[in-house]
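Structure file entry31.csv (CSV, C-alpha atoms) follows.
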chain,number,residue,atom,x,y,z
R,7,MET,CA,4.8,-15.3,9.4
R,8,ASN,CA,5.7,-12.7,12.0
R,9,TYR,CA,3.2,-10.2,13.4
R,10,ARG,CA,3.5,-6.6,14.4
R,11,THR,CA,1.1,-4.1,16.2
R,12,LEU,CA,-0.7,-1.7,13.8
R,13,GLY,CA,-0.2,1.4,15.9
R,14,LYS,CA,-3.0,2.6,18.1
R,15,THR,CA,-5.5,0.2,16.4
R,16,GLY,CA,-4.0,-2.5,18.6
R,17,PHE,CA,-4.4,-5.0,15.8
R,18,GLU,CA,-1.7,-7.7,15.6
R,19,VAL,CA,-1.2,-8.0,11.9
R,20,SER,CA,0.9,-10.2,9.6
R,21,GLU,CA,4.0,-8.1,8.8
R,22,VAL,CA,3.6,-9.1,5.1
R,23,SER,CA,0.0,-8.8,4.1
R,24,LEU,CA,-1.9,-8.4,0.9
R,25,GLY,CA,-2.8,-5.4,-1.2
R,26,THR,CA,-5.6,-6.1,-3.7
R,27,TRP,CA,-5.2,-3.6,-6.4
R,28,GLN,CA,-4.6,-6.3,-8.9
R,29,VAL,CA,-5.8,-9.4,-7.0
R,30,GLY,CA,-8.2,-10.4,-9.8
R,31,GLY,CA,-5.6,-10.3,-12.5
R,32,THR,CA,-2.9,-8.1,-14.0
R,33,TRP,CA,-3.7,-4.4,-14.4
R,34,GLY,CA,-5.9,-3.8,-17.4
R,35,SER,CA,-6.9,-7.5,-17.9
R,36,GLY,CA,-10.3,-7.4,-16.3
R,37,PHE,CA,-11.3,-9.1,-13.0
R,38,ASP,CA,-11.2,-12.8,-12.4
R,39,HIS,CA,-13.2,-13.6,-9.2
R,40,ASP,CA,-11.9,-17.3,-9.1
R,41,LEU,CA,-8.3,-16.1,-9.3
R,42,ALA,CA,-9.0,-13.5,-6.6
R,43,GLN,CA,-10.4,-16.2,-4.2
R,44,ASP,CA,-7.4,-18.4,-4.9
R,45,ILE,CA,-4.9,-15.6,-4.1
R,46,LEU,CA,-6.9,-14.6,-1.0
R,47,LYS,CA,-6.9,-18.2,0.3
R,48,GLN,CA,-3.3,-18.7,-0.5
R,49,SER,CA,-2.4,-15.6,1.4
R,50,PHE,CA,-4.6,-16.6,4.4
R,51,ASP,CA,-3.0,-20.0,4.4
R,52,ALA,CA,0.5,-18.3,4.6
R,53,GLY,CA,-0.6,-16.5,7.8
R,54,VAL,CA,-2.0,-13.2,6.4
R,55,ASN,CA,-4.7,-11.7,8.5
R,56,PHE,CA,-4.7,-8.1,7.1
R,57,ILE,CA,-6.2,-7.3,3.6
R,58,ASP,CA,-6.1,-3.9,2.0
R,59,THR,CA,-8.6,-2.9,-0.7
R,60,ALA,CA,-10.4,0.2,-2.0
R,61,ASP,CA,-13.8,1.1,-3.4
R,62,VAL,CA,-12.2,2.0,-6.8
R,63,TYR,CA,-10.2,-1.1,-7.3
R,64,GLU,CA,-11.9,-2.7,-10.4
R,65,ALA,CA,-15.0,-0.5,-9.7
R,66,GLY,CA,-15.8,-2.3,-6.4
R,67,GLU,CA,-15.1,-5.9,-7.6
R,68,SER,CA,-12.0,-6.1,-5.3
R,69,GLU,CA,-14.1,-5.2,-2.3
R,70,LYS,CA,-16.7,-7.8,-3.2
R,71,ALA,CA,-14.0,-10.5,-3.5
R,72,VAL,CA,-12.5,-9.6,-0.2
R,73,GLY,CA,-15.8,-9.6,1.5
R,74,LYS,CA,-16.7,-13.0,0.0
R,75,PHE,CA,-13.5,-14.5,1.3
R,76,VAL,CA,-13.5,-12.9,4.8
R,77,ASN,CA,-17.1,-14.1,5.3
R,78,SER,CA,-16.1,-17.7,4.3
R,79,VAL,CA,-13.6,-18.2,7.2
R,80,SER,CA,-14.1,-18.1,10.9
R,81,ASP,CA,-10.6,-16.7,11.7
R,82,ARG,CA,-10.2,-13.0,12.4
R,83,ILE,CA,-9.1,-11.1,9.3
R,84,TYR,CA,-8.7,-7.3,9.5
R,85,VAL,CA,-10.1,-5.5,6.5
R,86,ALA,CA,-8.9,-2.1,5.4
R,87,THR,CA,-10.5,-0.2,2.6
R,88,LYS,CA,-10.4,3.3,1.2
R,89,CYS,CA,-12.7,6.0,0.0
R,90,GLY,CA,-12.6,9.3,-1.8
R,91,ARG,CA,-11.1,8.5,-5.2
R,92,GLN,CA,-14.6,8.2,-6.7
R,93,ILE,CA,-14.9,11.9,-6.5
R,94,ASN,CA,-14.7,13.3,-10.0
R,95,PRO,CA,-13.1,15.6,-10.6
R,96,HIS,CA,-10.8,14.6,-7.7
R,97,VAL,CA,-10.6,18.0,-6.1
R,98,ASN,CA,-10.8,19.4,-2.5
R,99,GLU,CA,-14.3,20.8,-3.1
R,100,GLY,CA,-15.7,17.3,-3.9
R,101,TYR,CA,-14.8,16.1,-0.4
R,102,THR,CA,-17.8,16.5,1.8
R,103,PRO,CA,-18.9,14.6,4.9
R,104,GLU,CA,-22.0,13.5,3.1
R,105,ALA,CA,-20.1,12.1,0.1
R,106,LEU,CA,-17.6,10.2,2.3
R,107,ARG,CA,-20.4,8.8,4.5
R,108,GLY,CA,-22.1,7.5,1.3
R,109,TYR,CA,-18.9,5.8,0.1
R,110,VAL,CA,-18.4,4.1,3.5
R,111,GLU,CA,-21.9,2.8,3.5
R,112,ASP,CA,-21.5,1.5,-0.1
R,113,SER,CA,-18.3,-0.3,0.9
R,114,LEU,CA,-20.0,-2.0,3.8
R,115,LYS,CA,-22.6,-3.4,1.3
R,116,ARG,CA,-20.0,-4.6,-1.1
R,117,LEU,CA,-17.9,-6.1,1.6
R,118,ASN,CA,-21.0,-7.6,3.3
R,119,LEU,CA,-19.7,-6.5,6.7
R,120,GLU,CA,-21.3,-4.7,9.6
R,121,THR,CA,-18.1,-2.8,10.5
R,122,ILE,CA,-15.0,-1.8,8.6
R,123,ASP,CA,-11.9,-2.4,10.7
R,124,LEU,CA,-10.0,0.5,9.0
R,125,ILE,CA,-11.3,3.0,6.5
R,126,GLN,CA,-8.7,5.2,4.9
R,127,LEU,CA,-9.0,8.5,3.0
R,128,HIS,CA,-7.6,7.5,-0.4
R,129,CYS,CA,-4.8,10.0,-1.3
R,130,PRO,CA,-7.0,13.1,-1.1
R,131,PRO,CA,-5.8,16.5,-2.3
R,132,THR,CA,-3.5,18.2,0.1
R,133,GLU,CA,-6.2,20.8,1.1
R,134,VAL,CA,-8.4,18.1,2.6
R,135,TYR,CA,-5.8,17.5,5.4
R,136,TYR,CA,-6.6,21.0,6.7
R,137,ARG,CA,-10.3,20.4,7.1
R,138,PRO,CA,-11.2,19.2,10.5
R,139,GLU,CA,-14.9,18.6,9.5
R,140,ILE,CA,-13.8,15.8,7.2
R,141,PHE,CA,-11.9,13.9,10.0
R,142,GLY,CA,-14.8,14.6,12.4
R,143,GLU,CA,-17.3,12.8,10.2
R,144,PHE,CA,-15.4,9.6,10.8
R,145,GLU,CA,-15.8,9.9,14.5
R,146,ARG,CA,-19.6,9.9,13.9
R,147,LEU,CA,-19.3,6.8,11.7
R,148,LYS,CA,-17.2,5.2,14.5
R,149,ALA,CA,-19.9,6.0,17.1
R,150,GLU,CA,-22.5,4.4,14.8
R,151,GLY,CA,-20.4,1.2,14.7
R,152,LYS,CA,-19.8,1.5,10.9
R,153,ILE,CA,-16.0,1.8,11.3
R,154,LEU,CA,-13.5,0.9,14.0
R,155,ASN,CA,-10.6,3.1,12.9
R,156,LEU,CA,-9.7,5.9,10.5
R,157,GLY,CA,-6.4,6.0,8.5
R,158,VAL,CA,-5.1,7.9,5.5
R,159,SER,CA,-3.3,6.9,2.4
R,160,VAL,CA,-1.0,9.7,1.3
R,161,GLU,CA,1.2,10.7,-1.6
R,162,LYS,CA,3.5,13.0,0.2
R,163,VAL,CA,5.4,12.9,3.5
R,164,GLU,CA,4.0,16.4,4.3
R,165,GLU,CA,0.5,15.1,4.0
R,166,ALA,CA,1.3,12.3,6.4
R,167,LEU,CA,2.7,14.7,9.0
R,168,LYS,CA,-0.4,16.9,8.8
R,169,ALA,CA,-2.7,13.9,9.0
R,170,ILE,CA,-1.3,12.5,12.2
R,171,GLU,CA,-2.0,15.8,14.0
R,172,TYR,CA,-5.6,14.5,14.1
R,173,GLU,CA,-6.0,12.2,17.1
R,174,ASN,CA,-8.4,9.9,15.4
R,175,VAL,CA,-5.9,9.1,12.6
R,176,THR,CA,-4.6,5.7,13.6
R,177,THR,CA,-2.6,4.7,10.5
R,178,VAL,CA,-0.8,6.1,7.5
R,179,GLN,CA,-0.4,4.2,4.3
R,180,ILE,CA,2.7,5.5,2.5
R,181,ILE,CA,5.0,4.6,-0.4
R,182,TYR,CA,8.3,3.4,1.0
R,183,ASN,CA,10.8,1.2,-0.7
R,184,MET,CA,14.5,1.1,-1.8
R,185,PHE,CA,13.6,3.8,-4.4
R,186,ARG,CA,11.5,6.0,-2.0
R,187,GLN,CA,13.3,6.6,1.2
R,188,ARG,CA,12.2,10.1,2.3
R,189,PRO,CA,9.9,8.8,5.1
R,190,ASP,CA,13.1,7.9,7.0
R,191,ASP,CA,13.9,11.6,7.4
R,192,LEU,CA,11.2,12.7,9.8
R,193,PHE,CA,7.9,10.9,9.3
R,194,TYR,CA,8.8,7.6,11.1
R,195,GLU,CA,10.0,9.5,14.2
R,196,ARG,CA,6.7,11.5,14.4
R,197,ALA,CA,4.5,8.4,13.7
R,198,LYS,CA,6.3,6.5,16.5
R,199,GLU,CA,5.7,9.4,18.9
R,200,LYS,CA,2.0,9.3,18.2
R,201,ASN,CA,1.7,5.5,18.0
R,202,VAL,CA,0.5,5.7,14.4
R,203,GLY,CA,0.6,2.4,12.5
R,204,VAL,CA,2.5,2.5,9.2
R,205,ILE,CA,1.2,0.6,6.2
R,206,VAL,CA,3.8,0.4,3.3
R,207,ARG,CA,2.4,0.2,-0.2
R,208,VAL,CA,4.2,-0.1,-3.6
R,209,PRO,CA,7.0,-2.1,-2.0
R,210,LEU,CA,8.3,-3.4,-5.3
R,211,ALA,CA,8.0,-0.1,-7.2
R,212,SER,CA,5.3,-1.6,-9.5
R,213,GLY,CA,7.5,-4.7,-10.0
R,214,LEU,CA,10.6,-2.8,-11.0
R,215,LEU,CA,12.4,-4.0,-7.8
R,216,THR,CA,11.8,-7.7,-8.8
R,217,GLY,CA,14.6,-7.3,-11.2
R,218,LYS,CA,12.6,-9.0,-13.9
R,219,TYR,CA,12.0,-6.0,-16.2
R,220,SER,CA,14.1,-4.7,-19.1
R,221,LEU,CA,13.8,-2.1,-21.8
R,222,ASP,CA,12.0,-4.7,-23.9
R,223,THR,CA,9.3,-5.4,-21.3
R,224,GLN,CA,5.8,-4.6,-22.7
R,225,PHE,CA,2.9,-3.5,-20.6
R,226,GLU,CA,-0.7,-3.6,-21.7
R,227,GLU,CA,-2.5,-0.3,-22.6
R,228,GLY,CA,-4.8,-0.5,-19.6
R,229,ASP,CA,-1.8,-1.0,-17.3
R,230,HIS,CA,-0.7,2.1,-15.4
R,231,ARG,CA,2.9,1.1,-16.0
R,232,HIS,CA,2.2,1.8,-19.6
R,233,GLY,CA,0.0,4.8,-19.4
R,234,ASN,CA,0.9,6.7,-16.2
R,235,ARG,CA,4.6,7.1,-16.3
R,236,ASN,CA,4.3,10.9,-16.4
R,237,GLY,CA,1.2,11.1,-14.2
R,238,GLU,CA,-1.4,11.0,-17.0
R,239,TRP,CA,-4.0,9.1,-14.9
R,240,PHE,CA,-3.0,9.8,-11.3
R,241,ASP,CA,0.1,10.8,-9.3
R,242,LYS,CA,3.1,9.4,-11.1
R,243,GLY,CA,4.7,8.4,-7.8
R,244,GLU,CA,2.4,5.4,-7.8
R,245,THR,CA,4.0,4.1,-11.0
R,246,PHE,CA,7.6,2.7,-10.6
R,247,ALA,CA,7.6,4.8,-7.3
R,248,GLY,CA,8.0,7.9,-9.6
R,249,VAL,CA,11.5,6.8,-10.8
R,250,PRO,CA,12.1,7.2,-14.6
R,251,TYR,CA,12.0,3.7,-16.0
R,252,GLU,CA,15.5,3.6,-17.4
R,253,VAL,CA,17.0,5.1,-14.3
R,254,GLY,CA,15.3,2.5,-12.2
R,255,LEU,CA,16.5,-0.4,-14.4
R,256,ASN,CA,20.1,0.8,-14.1
R,257,ALA,CA,19.8,1.0,-10.3
R,258,VAL,CA,18.3,-2.4,-10.1
R,259,GLU,CA,21.3,-3.9,-12.0
R,260,LYS,CA,23.5,-2.4,-9.2
R,261,ILE,CA,21.3,-4.0,-6.5
R,262,LYS,CA,21.4,-7.3,-8.3
R,263,LYS,CA,25.2,-7.4,-7.8
R,264,LEU,CA,24.7,-7.2,-4.0
R,265,PHE,CA,22.5,-10.3,-4.1
R,266,PRO,CA,24.0,-12.5,-6.9
R,267,GLU,CA,22.2,-15.6,-5.6
R,268,LYS,CA,18.8,-14.0,-6.0
R,269,GLU,CA,17.1,-14.3,-9.4
R,270,ASN,CA,14.0,-12.6,-8.0
R,271,LEU,CA,14.7,-9.5,-5.9
R,272,ALA,CA,11.1,-9.2,-4.6
R,273,GLN,CA,11.9,-10.9,-1.3
R,274,VAL,CA,15.0,-8.8,-0.8
R,275,ALA,CA,13.0,-5.6,-1.5
R,276,ILE,CA,10.3,-6.6,1.0
R,277,LYS,CA,12.9,-7.7,3.6
R,278,TRP,CA,14.6,-4.3,3.2
R,279,ILE,CA,11.4,-2.6,4.3
R,280,LEU,CA,10.9,-5.0,7.2
R,281,MET,CA,14.3,-4.1,8.5
R,282,ASN,CA,12.7,-0.9,9.6
R,283,ASP,CA,11.0,-1.4,13.0
R,284,ASN,CA,8.8,1.6,12.4
R,285,VAL,CA,6.9,-0.3,9.7
R,286,SER,CA,3.8,-2.1,10.9
R,287,VAL,CA,2.9,-4.0,7.7
R,288,VAL,CA,3.9,-4.1,4.1
R,289,ILE,CA,1.2,-4.9,1.5
R,290,PRO,CA,2.6,-6.2,-1.8
R,291,GLY,CA,0.0,-7.1,-4.4
R,292,ALA,CA,-0.3,-10.4,-6.3
R,293,SER,CA,-1.9,-11.1,-9.6
R,294,LYS,CA,-0.6,-14.7,-9.8
R,295,SER,CA,-0.5,-17.5,-7.2
R,296,TYR,CA,3.3,-17.9,-7.3
R,297,GLN,CA,3.8,-14.2,-6.4
R,298,VAL,CA,2.0,-14.9,-3.1
R,299,ASP,CA,4.5,-17.5,-2.0
R,300,SER,CA,7.4,-15.3,-3.0
R,301,ASN,CA,6.1,-12.3,-1.2
R,302,MET,CA,5.2,-14.1,2.0
R,303,ALA,CA,8.6,-15.8,2.2
R,304,ALA,CA,10.2,-12.5,2.8
R,305,SER,CA,9.1,-12.6,6.4
R,306,ALA,CA,11.4,-15.6,7.1
R,307,LEU,CA,14.4,-14.3,5.1
R,308,PRO,CA,17.6,-13.6,7.1
R,309,GLU,CA,18.2,-10.0,7.9
R,310,LEU,CA,20.2,-8.0,5.5
R,311,SER,CA,23.7,-7.2,6.5
R,312,GLU,CA,24.9,-3.7,7.5
R,313,GLU,CA,27.1,-3.7,4.4
R,314,GLN,CA,24.1,-4.6,2.1
R,315,MET,CA,21.9,-1.9,3.8
R,316,SER,CA,24.7,0.7,3.3
R,317,ALA,CA,25.2,-0.2,-0.3
R,318,ILE,CA,21.5,0.1,-1.0
R,319,LYS,CA,21.5,3.5,0.6
R,320,GLU,CA,24.4,4.6,-1.5
R,321,ILE,CA,22.6,3.5,-4.7
R,322,TYR,CA,19.6,5.5,-3.6
R,323,GLU,CA,21.6,8.6,-2.8
R,324,GLU,CA,23.6,8.5,-6.1
R,325,ASP,CA,21.0,7.2,-8.6
R,326,ILE,CA,17.5,7.7,-7.3
R,327,LYS,CA,17.3,10.5,-4.8
R,328,PRO,CA,17.7,13.4,-7.3
R,329,HIS,CA,14.6,12.2,-9.2
R,330,VAL,CA,12.2,11.5,-6.3
R,331,HIS,CA,13.2,12.8,-2.9
R,332,HIS,CA,12.0,16.4,-3.3
R,333,LEU,CA,8.7,15.4,-4.9
R,334,TRP,CA,7.1,13.2,-2.3
What is this structure when it is put down as structure tokens?
Amino acid sequence: MNYRTLGKTGFEVSEVSLGTWQVGGTWGSGFDHDLAQDILKQSFDAGVNFIDTADVYEAGESEKAVGKFVNSVSDRIYVATKCGRQINPHVNEGYTPEALRGYVEDSLKRLNLETIDLIQLHCPPTEVYYRPEIFGEFERLKAEGKILNLGVSVEKVEEALKAIEYENVTTVQIIYNMFRQRPDDLFYERAKEKNVGVIVRVPLASGLLTGKYSLDTQFEEGDHRHGNRNGEWFDKGETFAGVPYEVGLNAVEKIKKLFPEKENLAQVAIKWILMNDNVSVVIPGASKSYQVDSNMAASALPELSEEQMSAIKEIYEEDIKPHVHHLW
């Protein structure tokens, strides 16, 4: 495992780490705590020292699982969680310093930690980024020893650019993958100037970039890949990176031809992200043990060639960009 510095946090984190949205099982299947512990341990054994969770993942069960594991080992593991998505309806007016403070304190209890290494605003409405009092509350939480750092998880590049105007924003979590390349245009340059750490989520476009899906693939009703393709539950950019399913399948077939020796494109998709030095850490999820080994192995994969990188860019420009680039 290779390690990179997470911006101004100063944390040296595993470049491939673990996102825990589905750590206790596949989306919609319920939460299996034994499975969660197995996946967390397997990731740790592979060199992972950074775990990303959220208070809304399985109604707090993910945080409990992460806390249980972190407290069972003596090694330093950096814990990132998120707050704000519990606000219902999820609108700007629901964001208050008091509400967010309460969510942080609840997360501390579920995690069974005295301090959260990184708390992130969880894809708030765009208006929230224009409210200094929200960001100021986290300075008070930091002074009280309840958090070490503040970050944001964003849907749009414009939100990321606004967020890093606040000096206390140390990280930005953003969607970036072969099918979502807009952060390359301006965001990475600005983040580097401000020494902001970049956490990449949805690296496999909800599994689409594994190359294992087809028109016949069935997803359970509780799975966002079944019920959120048009943004019925939350921003559709979180599902298949916002790419229409059939369009994505066709593009994946083209990518497969660039890597004929790879049955599973997951490692290639993650390595493509790691080719960008502006990325601090990528956080693929895992709902099965074998996925952990596959994801973590991407760190040791040989670098992609210039020809392969150019071909992927061309596929994006021709097939994907018209559907996603202007939206996020």
Determine, for each residue of segment 186-268 of chain R having at least one atom at most 12 Å from an atom of segment 10-13 of chain R, the closest pair of atoms and their separation in Å to one decimal, counting only C-alpha atoms; order by chain and ascending number, as a tab-separated table.
residue	atom	partner	partner_atom	distance
R:Tyr194	CA	R:Gly13	CA	11.9
R:Ala197	CA	R:Gly13	CA	8.7
R:Lys198	CA	R:Gly13	CA	8.3
R:Glu199	CA	R:Gly13	CA	10.4
R:Lys200	CA	R:Gly13	CA	8.5
R:Asn201	CA	R:Gly13	CA	5.0
R:Val202	CA	R:Gly13	CA	4.6
R:Gly203	CA	R:Gly13	CA	3.6
R:Val204	CA	R:Leu12	CA	7.0
R:Ile205	CA	R:Leu12	CA	8.2
R:Val206	CA	R:Leu12	CA	11.6
**Prompt:** Suppose you want the space between atom CA of Ile276 of chain R and atom CA of Val288 of chain R; what is it in Å?
**Reply:** 7.5 Å
**Request:** With a distance cut-off of 8 Å and all atoms listed in the file, select the neighbouring residues of segment 256-272 of chain R, excluding the residue or stretch itself and same-chain residues fewer than 4 positions from it, and output the selection as JSON, numbers by chain.
**Result:** {"R": [210, 213, 214, 215, 216, 217, 218, 252, 276, 300, 301, 314, 317, 318, 321, 325, 326]}
**Request:** List the neighbours of Asp51 of chain R out to 12 Å using all atoms listed in the file; skip same-chain residues closer than 3 positions along the sequence, and give me the result as a list in words.
**Result:**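 Everything that qualifies: Met7, Ser20, Ser23, Gln43, Asp44, Ile45, Leu46, Lys47, Gln48, Val54, Asn55, Val79, Asp81, Ile83, Val298, Asp299 and Met302 of chain R.
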Using all atoms listed in the file, what does the table of segment 37-77 of chain R residues within 12 Å of segment 125-140 of chain R look like, with each row giving the shortest atom pair and its distance in Å to one decimal, sorted by chain and ascending number, as a tab-separated table?
residue	atom	partner	partner_atom	distance
R:Ile57	CA	R:Ile125	CA	11.9
R:Asp58	CA	R:Ile125	CA	9.7
R:Thr59	CA	R:Ile125	CA	9.7
R:Ala60	CA	R:His128	CA	8.0
R:Asp61	CA	R:His128	CA	9.4
R:Val62	CA	R:His128	CA	9.6
R:Tyr63	CA	R:His128	CA	11.3
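Rounded to one decimal, atom CA of Lys70 of chain R and atom CA of Val97 of chain R lie 26.7 Å from each other.
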**For Val287 of chain R, the nearest of the candidates R:Trp239, R:Trp27, R:Tyr182, R:Phe225, counting all atoms listed in the file** =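 So, comparing all the options, the nearest one is R:Tyr182.
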**Request:** Provide the atom CA of Met184 of chain R to atom CA of Glu244 of chain R distance in Å, to one decimal place.
**Result:** 14.2 Å
**Request:** Tell me which of R:Asn282, R:Ser80, R:Asn234, R:Ser305 sits closest to Gln187 of chain R, counting only C-alpha atoms.
**Result:**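 Smallest distance to Gln187 of chain R is found for R:Asn282.
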**Prompt:** Do you know which residues are at most 12 Å from segment 143-147 of chain R counting only C-alpha atoms, after dropping those on the same chain fewer than 6 positions away, and could you put them as a count of residues only?
**Reply:** 33
**Message:** Using all atoms listed in the file, which protein or nucleic acid residues come within 8 Å of Ala71 of chain R? Drop anything in the same chain fewer than 3 positions from it, and give the result as an MDAnalysis selection string.
**Reply:** chainID R and resid 39 42:43 67:68 74:75 117
**Prompt:** Taking (11.3, 3.4, 10.7) in the file's coordinates, which residues come within 8 Å, counting all atoms listed in the file, written as a PyMOL selection string?
**Reply:** chain R and resi 189-190+194-195+282-285
**Message:** Residues within 9 Å of Phe56 of chain R, please, as number ranges by chain. Count all atoms listed in the file; anything in the same chain fewer than 5 positions from it doesn't count.
**Reply:** R: 19-25, 50, 83-86, 287, 289
**Request:** Please return, as a PyMOL selection string, all polymer residues that have at least one atom within 8 Å of the point (3.2, 5.7, -14.4); use all atoms listed in the file and the file's own coordinate frame.
**Result:** chain R and resi 230-239+241-246+248
